[in-house]
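Only one structure is covered here, and it is reproduced in the block below.
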Amino acid sequence: MTAPALLCAGAEIALNRYLRLEPAVVAECAQLKGRCIEISLRGIQMDLYIEFITSGVRVLTQPPQAADVR
């Protein structure tokens with residue numbers, strides 16, 4: 001597994017665990033299903049994409065579609 005993939009997997013697990021602390025937040029994420037946030041990590045020159053799904057979020061290195069917010 002590559003370093004970006006490991007970073008995404010770790011961030012996704014951590015974010016979803018944190019979101020599940022408040023069940024209402026997971027429901028709010030579900031309402032955003034299909035939306036995407038782009039985050040630029042300038043220090044390591046890498047872009048991450050957070051896609052909202054029914055059960056929380058997915059963290060990706062490639063955008064599933066055009067980002068709604070940067």
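Scheme for the structure tokens: letters A, B, ... for chains in order shown; per-chain residue numbers from 1; ligand numbers from 1 in order shown.
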Could you go through region 11-65 of chain A and tell me which residues DSSP, when run on the backbone, assigns to helix (DSSP H, G or I), listing them as a ChimeraX atom specification?
/A:11-19,23-31
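Those residues of region 34-67 of chain A that DSSP, working from the backbone, places in strand (DSSP E or B) are Cys36, Ile37, Glu38, Ile39, Ser40, Leu41, Met46, Asp47, Leu48, Tyr49, Ile50, Glu51, Phe52, Ile53, Gly56, Val57, Arg58, Val59 and Leu60 of chain A.
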With only C-alpha atoms counted and 9 Å as the cut-off, give the residues of region 8-31 of chain A in contact with region 37-53 of chain A, each with its shortest interatomic distance in Å and the pair that gives it, as a Markdown table.
```
| residue | atom | partner | partner_atom | distance |
| --- | --- | --- | --- | --- |
| A:Cys8 | CA | A:Leu48 | CA | 7.6 |
| A:Glu12 | CA | A:Ile50 | CA | 8.5 |
| A:Cys29 | CA | A:Phe52 | CA | 6.0 |
| A:Ala30 | CA | A:Ile53 | CA | 5.8 |
| A:Gln31 | CA | A:Phe52 | CA | 8.5 |
```
Any chance you could export the current selection's N, CA, C and O atoms as a PDB file, in the first residue's frame?
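Saved to selection.pdb:
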```pdb
ATOM      1  N   CYS A   8      -4.821   8.175   3.588  1.00  0.00           N
ATOM      2  CA  CYS A   8      -6.272   8.228   3.362  1.00  0.00           C
ATOM      3  C   CYS A   8      -7.010   7.223   4.238  1.00  0.00           C
ATOM      4  O   CYS A   8      -8.031   7.555   4.841  1.00  0.00           O
ATOM      5  N   GLU A  12      -9.622   8.329   7.073  1.00  0.00           N
ATOM      6  CA  GLU A  12     -11.016   7.875   6.924  1.00  0.00           C
ATOM      7  C   GLU A  12     -11.498   7.148   8.178  1.00  0.00           C
ATOM      8  O   GLU A  12     -12.592   7.408   8.684  1.00  0.00           O
ATOM      9  N   CYS A  29     -24.371  13.846   7.607  1.00  0.00           N
ATOM     10  CA  CYS A  29     -23.446  13.479   6.527  1.00  0.00           C
ATOM     11  C   CYS A  29     -24.194  12.775   5.402  1.00  0.00           C
ATOM     12  O   CYS A  29     -23.912  12.999   4.226  1.00  0.00           O
ATOM     13  N   ALA A  30     -25.151  11.928   5.772  1.00  0.00           N
ATOM     14  CA  ALA A  30     -25.933  11.210   4.771  1.00  0.00           C
ATOM     15  C   ALA A  30     -26.691  12.179   3.876  1.00  0.00           C
ATOM     16  O   ALA A  30     -26.884  11.922   2.684  1.00  0.00           O
ATOM     17  N   GLN A  31     -27.110  13.316   4.436  1.00  0.00           N
ATOM     18  CA  GLN A  31     -27.814  14.319   3.635  1.00  0.00           C
ATOM     19  C   GLN A  31     -26.886  14.974   2.618  1.00  0.00           C
ATOM     20  O   GLN A  31     -27.340  15.515   1.619  1.00  0.00           O
TER      21      GLN A  31
END
```
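Excluding region 1-6 of chain A itself and any same-chain residue fewer than 3 positions from it, the protein and nucleic acid residues within 7 Å of it, counting only C-alpha atoms, are Ala9, Gly10 and Thr61 of chain A.
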Hey, can you spit out that residue selection with C-alpha atoms as a PDB file, in the first residue's frame?
```pdb
ATOM      1  CA  ALA A   9      -7.166   4.993   5.129  1.00  0.00           C
ATOM      2  CA  GLY A  10      -6.038   6.300   8.506  1.00  0.00           C
ATOM      3  CA  THR A  61      -6.481  10.731  -3.302  1.00  0.00           C
TER       4      THR A  61
END
```
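The closest residue to Val69 (chain A), picked from A:Ile13, A:Cys36, A:Leu7, A:Tyr18 and counting only C-alpha atoms, is A:Cys36.
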Skipping near chain neighbours, those fewer than 6 positions away, what residues fall within 9 Å of Asn16 (chain A) using only C-alpha atoms, listed as a PyMOL selection string?
chain A and resi 26+55-58
Could you write out the selected residues, including C-alpha atoms, as a PDB file, in the first residue's frame?
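Final file, out_21.pdb:
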```pdb
ATOM      1  CA  VAL A  26     -23.821  10.703  10.649  1.00  0.00           C
ATOM      2  CA  SER A  55     -22.480   5.934   6.629  1.00  0.00           C
ATOM      3  CA  GLY A  56     -20.026   8.842   7.022  1.00  0.00           C
ATOM      4  CA  VAL A  57     -17.158   9.858   4.746  1.00  0.00           C
ATOM      5  CA  ARG A  58     -14.596   8.398   2.378  1.00  0.00           C
TER       6      ARG A  58
END
```
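Note that the spacing between CA of Gly34 (chain A) and CA of Leu21 (chain A) amounts to 22.1 Å.
Picture a line from CA of Arg20 (chain A) to CA of Pro64 (chain A); it runs 23.2 Å.
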